[in-house]
file protein.txt (compact mmCIF, C-alpha atoms and all ligand atoms)
# COMPACT_ATOMS: atom_id res chain seq x y z
CA MET A 1 12.93 8.69 10.82
CA ALA A 2 13.99 11.23 8.23
CA ASP A 3 13.46 14.91 9.02
CA ASN A 4 11.83 15.52 5.65
CA PRO A 5 9.36 12.72 5.10
CA LEU A 6 8.03 12.10 1.59
CA LEU A 7 4.55 11.54 3.00
CA GLU A 8 3.22 12.89 6.25
CA SER A 9 -0.24 12.80 7.77
CA ASP A 10 -1.23 14.78 10.80
CA GLY A 11 -4.44 14.55 12.86
CA LEU A 12 -6.19 12.60 10.11
CA CYS A 13 -9.87 11.83 10.77
CA THR A 14 -12.04 9.93 8.29
CA TYR A 15 -15.72 9.04 8.59
CA TYR A 16 -18.07 6.61 6.86
CA GLY A 17 -21.23 8.69 7.10
CA THR A 18 -21.50 9.56 10.78
CA SER A 19 -19.27 6.71 11.91
CA GLN A 20 -15.67 7.78 12.59
CA ALA A 21 -13.10 5.28 11.31
CA LEU A 22 -9.81 7.21 11.73
CA PHE A 23 -8.91 9.24 14.82
CA ASP A 24 -6.02 11.72 14.62
CA VAL A 25 -3.75 9.49 12.59
CA GLY A 26 -0.23 10.84 12.17
CA ILE A 27 2.34 8.89 10.18
CA LYS A 28 5.56 9.69 8.37
CA VAL A 29 7.08 7.85 5.43
CA PRO A 30 10.67 8.65 4.40
CA SER A 31 11.59 8.82 0.73
CA ARG A 32 13.29 5.42 0.83
CA GLY A 33 12.65 2.24 2.77
CA GLY A 34 9.67 0.38 4.09
CA VAL A 35 7.07 1.47 6.61
CA ALA A 36 4.53 -1.08 7.85
CA ILE A 37 1.01 -0.61 9.16
CA LEU A 38 -0.19 -3.48 11.31
CA GLY A 39 -3.41 -4.05 13.20
CA ARG A 40 -6.12 -6.63 13.52
CA ASN A 41 -9.10 -6.79 11.17
CA GLY A 42 -11.17 -3.64 11.23
CA ALA A 43 -8.41 -1.53 12.84
CA GLY A 44 -8.61 1.03 10.03
CA LYS A 45 -5.61 0.11 7.85
CA THR A 46 -7.48 0.08 4.54
CA THR A 47 -9.32 3.27 5.49
CA LEU A 48 -5.98 4.94 6.16
CA LEU A 49 -4.48 3.94 2.78
CA LYS A 50 -7.66 5.00 0.95
CA THR A 51 -7.59 8.37 2.71
CA LEU A 52 -3.92 8.84 1.80
CA ALA A 53 -4.70 7.86 -1.81
CA GLY A 54 -7.62 10.31 -1.95
CA GLU A 55 -10.35 7.72 -2.42
CA LEU A 56 -11.86 8.72 0.92
CA ALA A 57 -11.98 12.34 2.03
CA ALA A 58 -10.35 13.31 5.30
CA THR A 59 -12.81 15.24 7.45
CA ARG A 60 -10.03 16.73 9.56
CA GLY A 61 -6.27 16.75 9.53
CA ARG A 62 -3.79 17.11 6.71
CA ILE A 63 -1.70 15.05 4.32
CA SER A 64 1.44 16.35 2.71
CA PHE A 65 3.28 14.58 -0.07
CA ASP A 66 6.63 15.61 -1.47
CA GLY A 67 6.48 18.87 0.45
CA THR A 68 3.03 19.88 -0.85
CA ASP A 69 -0.32 19.76 0.88
CA CYS A 70 -2.53 17.25 -0.90
CA THR A 71 -5.30 16.80 1.68
CA ARG A 72 -7.97 17.82 -0.85
CA ALA A 73 -6.20 16.74 -4.06
CA ALA A 74 -7.99 14.34 -6.43
CA VAL A 75 -6.79 10.74 -6.75
CA GLU A 76 -5.34 11.33 -10.26
CA ASN A 77 -3.45 14.35 -9.02
CA ARG A 78 -1.81 12.30 -6.25
CA VAL A 79 -0.98 9.51 -8.72
CA ARG A 80 0.64 12.05 -11.04
CA ARG A 81 2.73 13.39 -8.17
CA GLY A 82 4.03 9.88 -7.50
CA LEU A 83 1.66 8.29 -5.01
CA GLY A 84 1.01 4.69 -6.10
CA HIS A 85 -1.70 2.56 -4.46
CA VAL A 86 -2.26 -1.17 -4.78
CA PRO A 87 -5.68 -1.61 -3.19
CA GLN A 88 -6.65 -4.65 -1.11
CA GLU A 89 -9.14 -5.81 -3.75
CA HIS A 90 -6.31 -5.23 -6.29
CA GLY A 91 -8.57 -3.61 -8.94
CA ILE A 92 -7.47 -5.88 -11.78
CA PHE A 93 -9.74 -5.99 -14.84
CA ALA A 94 -10.51 -9.70 -15.08
CA GLY A 95 -11.85 -9.58 -18.67
CA MET A 96 -8.75 -7.83 -20.01
CA THR A 97 -5.41 -9.45 -20.71
CA VAL A 98 -2.36 -9.04 -18.48
CA LYS A 99 -0.82 -6.76 -21.13
CA GLU A 100 -3.95 -4.57 -21.34
CA ASN A 101 -4.01 -4.24 -17.57
CA LEU A 102 -0.37 -3.16 -17.63
CA LEU A 103 -1.05 -0.62 -20.38
CA ILE A 104 -3.64 1.00 -18.12
CA GLY A 105 -0.91 1.47 -15.52
CA ALA A 106 1.31 3.04 -18.15
CA MET A 107 -1.35 5.56 -19.21
CA GLY A 108 -0.62 9.16 -18.39
CA ASN A 109 3.06 8.36 -18.41
CA ARG A 110 4.80 9.04 -21.70
CA THR A 111 7.56 6.52 -21.18
CA GLY A 112 5.31 4.01 -19.41
CA ARG A 113 4.99 1.56 -22.30
CA GLU A 114 8.75 1.16 -22.52
CA HIS A 115 8.82 0.27 -18.85
CA ILE A 116 6.51 -2.71 -19.22
CA GLU A 117 9.47 -4.89 -20.20
CA GLU A 118 11.46 -3.59 -17.26
CA VAL A 119 8.64 -4.03 -14.76
CA ILE A 120 7.80 -7.57 -15.82
CA THR A 121 11.39 -8.64 -15.17
CA LEU A 122 10.43 -8.22 -11.51
CA PHE A 123 7.84 -10.97 -11.90
CA PRO A 124 8.91 -13.19 -14.82
CA ARG A 125 5.79 -15.36 -14.58
CA LEU A 126 3.72 -12.33 -15.61
CA GLY A 127 5.88 -11.88 -18.68
CA GLN A 128 4.92 -15.39 -19.76
CA ARG A 129 1.23 -14.54 -19.39
CA LEU A 130 0.88 -11.23 -21.23
CA PRO A 131 -1.89 -12.43 -23.65
CA GLN A 132 -3.76 -14.30 -20.91
CA LYS A 133 -6.98 -12.88 -19.43
CA ALA A 134 -6.23 -11.47 -15.98
CA GLY A 135 -9.27 -13.30 -14.56
CA THR A 136 -7.48 -16.60 -15.16
CA LEU A 137 -4.44 -15.67 -13.03
CA SER A 138 -3.81 -17.20 -9.60
CA GLY A 139 -4.21 -15.03 -6.49
CA GLY A 140 -0.46 -14.43 -6.30
CA GLU A 141 -0.19 -13.54 -9.99
CA ARG A 142 -3.03 -11.02 -9.64
CA LYS A 143 -1.19 -9.35 -6.78
CA MET A 144 1.99 -9.29 -8.92
CA LEU A 145 0.01 -7.73 -11.76
CA ALA A 146 -1.47 -5.10 -9.45
CA ILE A 147 2.00 -4.24 -8.09
CA SER A 148 3.48 -4.10 -11.61
CA ARG A 149 0.64 -1.91 -12.86
CA ALA A 150 1.15 0.54 -10.00
CA LEU A 151 4.92 0.61 -10.69
CA LEU A 152 4.25 1.63 -14.30
CA GLY A 153 2.91 4.92 -12.94
CA ARG A 154 6.52 5.49 -11.77
CA PRO A 155 5.54 6.16 -8.15
CA HIS A 156 7.88 7.63 -5.56
CA LEU A 157 5.79 5.94 -2.89
CA LEU A 158 4.13 2.58 -3.36
CA MET A 159 1.29 1.87 -0.92
CA LEU A 160 0.30 -1.79 -0.73
CA ASP A 161 -2.81 -3.08 1.03
CA GLU A 162 -2.21 -6.71 2.03
CA PRO A 163 -0.07 -7.78 -0.94
CA THR A 164 0.06 -11.39 0.27
CA GLU A 165 -3.62 -11.85 1.14
CA GLY A 166 -5.01 -14.93 -0.63
CA VAL A 167 -1.57 -15.76 -2.02
CA TRP A 168 -0.29 -19.34 -1.89
CA HIS A 169 2.51 -19.56 0.70
CA GLY A 170 5.04 -20.69 -1.94
CA VAL A 171 4.62 -17.37 -3.76
CA ILE A 172 4.63 -15.14 -0.68
CA GLU A 173 8.43 -15.32 -0.47
CA GLU A 174 8.77 -14.14 -4.07
CA ILE A 175 6.59 -11.11 -3.39
CA ALA A 176 8.46 -10.39 -0.13
CA VAL A 177 11.85 -10.40 -1.86
CA ARG A 178 10.60 -8.04 -4.59
CA LEU A 179 9.20 -5.65 -1.99
CA GLU A 180 12.49 -5.66 -0.10
CA GLU A 181 14.29 -4.81 -3.34
CA LEU A 182 11.82 -2.06 -4.22
CA SER A 183 12.12 -0.49 -0.77
CA ARG A 184 15.84 0.05 -1.37
CA GLU A 185 15.02 2.34 -4.31
CA MET A 186 11.77 3.98 -3.25
CA ALA A 187 9.32 4.45 -0.40
CA VAL A 188 7.05 1.50 0.37
CA LEU A 189 4.10 1.69 2.75
CA ILE A 190 2.81 -1.80 3.42
CA VAL A 191 -0.31 -2.99 5.20
CA GLU A 192 0.01 -6.67 6.10
CA GLN A 193 -1.64 -9.36 8.22
CA HIS A 194 1.54 -11.38 7.73
CA VAL A 195 3.41 -9.70 10.59
CA LYS A 196 6.79 -11.35 10.08
CA LEU A 197 6.84 -10.32 6.44
CA ALA A 198 5.78 -6.75 7.23
CA LEU A 199 8.48 -6.37 9.87
CA ARG A 200 11.08 -7.80 7.52
CA VAL A 201 10.19 -5.47 4.65
CA SER A 202 9.98 -2.38 6.90
CA GLN A 203 12.35 -0.35 9.05
CA TYR A 204 9.56 1.49 10.88
CA CYS A 205 6.17 0.30 11.94
CA TYR A 206 2.80 1.66 13.12
CA VAL A 207 0.25 -0.54 14.86
CA MET A 208 -3.38 0.55 14.60
CA ASP A 209 -6.18 -0.21 17.01
CA ARG A 210 -9.78 0.97 16.55
CA GLY A 211 -8.84 3.71 14.12
CA ARG A 212 -5.90 5.05 16.10
CA ILE A 213 -2.14 4.59 16.06
CA ALA A 214 -1.66 2.58 19.24
CA LEU A 215 2.04 1.77 18.94
CA GLU A 216 4.91 2.84 16.71
CA GLY A 217 8.64 2.42 16.48
CA PRO A 218 11.54 0.86 14.59
CA SER A 219 10.46 -2.54 13.26
CA ASP A 220 13.32 -4.39 14.95
CA GLN A 221 12.13 -3.06 18.33
CA ILE A 222 8.38 -3.49 17.74
CA ARG A 223 9.01 -7.13 16.80
CA ASP A 224 9.74 -8.00 20.45
CA ASP A 225 7.29 -5.61 22.07
CA PRO A 226 4.67 -7.54 24.10
CA GLU A 227 2.24 -4.74 23.26
CA LEU A 228 2.36 -5.86 19.61
CA THR A 229 1.04 -9.32 20.54
CA ARG A 230 -1.73 -7.76 22.59
CA LEU A 231 -2.75 -5.36 19.81
CA LEU A 232 -2.85 -8.12 17.20
CA ALA A 233 -4.70 -10.69 19.33
CA PRO A 234 -8.18 -11.39 17.95
N1 LIG B 1 -17.54 1.33 3.34
C1 LIG B 1 -17.66 1.33 4.68
N2 LIG B 1 -18.75 1.81 5.28
C2 LIG B 1 -18.86 1.83 6.65
N3 LIG B 1 -17.90 1.38 7.48
C3 LIG B 1 -16.79 0.88 6.92
C4 LIG B 1 -16.60 0.82 5.50
N4 LIG B 1 -15.39 0.28 5.25
C5 LIG B 1 -14.86 0.00 6.45
N5 LIG B 1 -15.69 0.36 7.45
C6 LIG B 1 -15.44 0.23 8.91
O1 LIG B 1 -14.29 0.98 9.24
C7 LIG B 1 -13.47 0.27 10.17
C8 LIG B 1 -12.07 0.08 9.59
O2 LIG B 1 -12.13 -0.80 8.46
P1 LIG B 1 -10.88 -1.08 7.54
O3 LIG B 1 -10.19 0.20 7.28
O4 LIG B 1 -11.35 -1.86 6.37
O5 LIG B 1 -10.00 -1.98 8.51
P2 LIG B 1 -8.75 -2.94 8.18
O6 LIG B 1 -8.29 -2.67 6.80
O7 LIG B 1 -7.76 -2.60 9.24
O8 LIG B 1 -9.27 -4.35 8.34
C9 LIG B 1 -14.20 -1.03 10.46
O9 LIG B 1 -14.95 -0.86 11.64
C10 LIG B 1 -15.11 -1.20 9.27
O10 LIG B 1 -16.25 -1.93 9.61
MG MG B 2 -8.10 -3.91 5.14

call {"tool": "encode", "arguments": {"input": "protein.txt", "output": "structure tokens"}}
result
Amino acid sequence: MADNPLLESDGLCTYYGTSQALFDVGIKVPSRGGVAILGRNGAGKTTLLKTLAGELAATRGRISFDGTDCTRAAVENRVRRGLGHVPQEHGIFAGMTVKENLLIGAMGNRTGREHIEEVITLFPRLGQRLPQKAGTLSGGERKMLAISRALLGRPHLLMLDEPTEGVWHGVIEEIAVRLEELSREMAVLIVEQHVKLALRVSQYCYVMDRGRIALEGPSDQIRDDPELTRLLAP
């Protein structure tokens, strides 16, 4: 792990009302490469990404991004600094076209519009569907649109919450390859139920259990750790 991580959390605690969902979560994400967060349903993965993105407030602990404390920074402020988030429910506007959804991602970024062409080369099938209403896209295409839209914000770190959930298996490989490519140029933090894919796209991995980091290490070591199987068992 790099000495100067792009993103670092330390002692992060998040609550839903009086119910604590994150307990002292510390993670580090280097400025290039993939980091995976694994854990069974309800382990706290989405809560962690939302806290890092600023959608949920951390009650205790701190988050630093690009060398600056951003524990209390607003979502927009984090996005502007380069923190991209593709939420689990993908946040696509179903009644708007693919192109309009992409333009939203390019907002607040002067050169964003010019990058639409570049970004859609990642997922050519989106390029063929620019005038189509986003609500008519398949599950996989919606995920591609959400990833493309986040990339138009020119993030330094792309956080993805289950990018292959509800995606037909034939399309999962396409998304996996793109994520591998992206992680060579930028930081990618990926939450995935698809363990093999997550371990392939990442070099380092954290496994969560009941709101805590229960196991961590290089992905090629965690892959064979019997503790991983135990932590992911239903
Ligand atoms: N909006 C919410 N209000 C109350 N509890 C929540 C809310 N969202 C999630 N939780 C609880 O927080 C815990 C972690 O959930 P989540 O972060 O969604 O897990 P994961 O993404 O790993 O499946 C679970 O116990 C879940 O029930
Ligand atoms: Mg989740």

call {"tool": "axis_aligned_box", "arguments": {"input": "protein.txt", "around": "ligand LIG 1 (chain B)", "padding_each_side": "5 Å", "output": "AutoDock Vina command-line options"}}
result
--center_x -13.3 --center_y -1.3 --center_z 7.5 --size_x 21.1 --size_y 16.2 --size_z 18.3

call {"tool": "residues_around", "arguments": {"input": "protein.txt", "residues": "stretch 125-138 of chain A", "least_positions_apart": "5", "cutoff": "7 Å", "atoms": "all atoms listed in the file", "output": "PyMOL selection string"}}
result
chain A and resi 93-99+120

call {"tool": "closest_residue", "arguments": {"input": "protein.txt", "among": "A:Glu76, A:Asp24, A:Glu117, A:Glu192", "to": "A:Ala53", "atoms": "only C-alpha atoms"}}
result
A:Glu76

call {"tool": "residues_around", "arguments": {"input": "protein.txt", "residues": "A:Val191", "least_positions_apart": "6", "cutoff": "6 Å", "atoms": "only C-alpha atoms", "output": "ChimeraX atom specification"}}
result
/A:36-37,161-162

call {"tool": "residues_near_ligand", "arguments": {"input": "protein.txt", "ligand": "ligand LIG 1 (chain B)", "cutoff": "6 Å", "atoms": "only C-alpha atoms and all ligand atoms", "output": "NGL selection string"}}
result
:A and (16 or 21 or 41-47)

call {"tool": "residues_around", "arguments": {"input": "protein.txt", "residues": "A:Ala187", "least_positions_apart": "3", "cutoff": "12 Å", "atoms": "only C-alpha atoms", "output": "number ranges by chain"}}
result
A: 2, 5-7, 28-36, 65-66, 82-85, 151, 154-160, 179-184, 190, 201-204

call {"tool": "closest_residue", "arguments": {"input": "protein.txt", "among": "A:Arg200, A:His90, A:Arg149, A:Arg80", "to": "ligand MG 2 (chain B)", "atoms": "all atoms listed in the file"}}
result
A:His90

call {"tool": "closest_residue", "arguments": {"input": "protein.txt", "among": "A:Ile63, A:Met208, A:Ala214, A:Ile27", "to": "ligand MG 2 (chain B)", "atoms": "all atoms listed in the file"}}
result
A:Met208

call {"tool": "closest_residue", "arguments": {"input": "protein.txt", "among": "A:Val171, A:Leu48, A:Leu102, A:Leu215", "to": "ligand MG 2 (chain B)", "atoms": "only C-alpha atoms and all ligand atoms"}}
result
A:Leu48

call {"tool": "residues_around", "arguments": {"input": "protein.txt", "residues": "A:Glu55", "least_positions_apart": "5", "cutoff": "9 Å", "atoms": "all atoms listed in the file", "output": "PyMOL selection string"}}
result
chain A and resi 49-50+74-75

call {"tool": "residues_around", "arguments": {"input": "protein.txt", "residues": "A:Leu231", "least_positions_apart": "3", "cutoff": "9 Å", "atoms": "all atoms listed in the file", "output": "number ranges by chain"}}
result
A: 39-40, 207-209, 214-215, 226-228, 234

call {"tool": "atom_distance", "arguments": {"input": "protein.txt", "atom1": "atom CA of A:Ala150", "atom2": "atom CA of A:Ile104"}}
result
9.4 Å

call {"tool": "atom_distance", "arguments": {"input": "protein.txt", "atom1": "atom CA of A:Ala57", "atom2": "atom CA of A:Leu12"}}
result
9.9 Å

call {"tool": "atom_distance", "arguments": {"input": "protein.txt", "atom1": "atom CA of A:Asn4", "atom2": "atom CA of A:Gly67"}}
result
8.2 Å
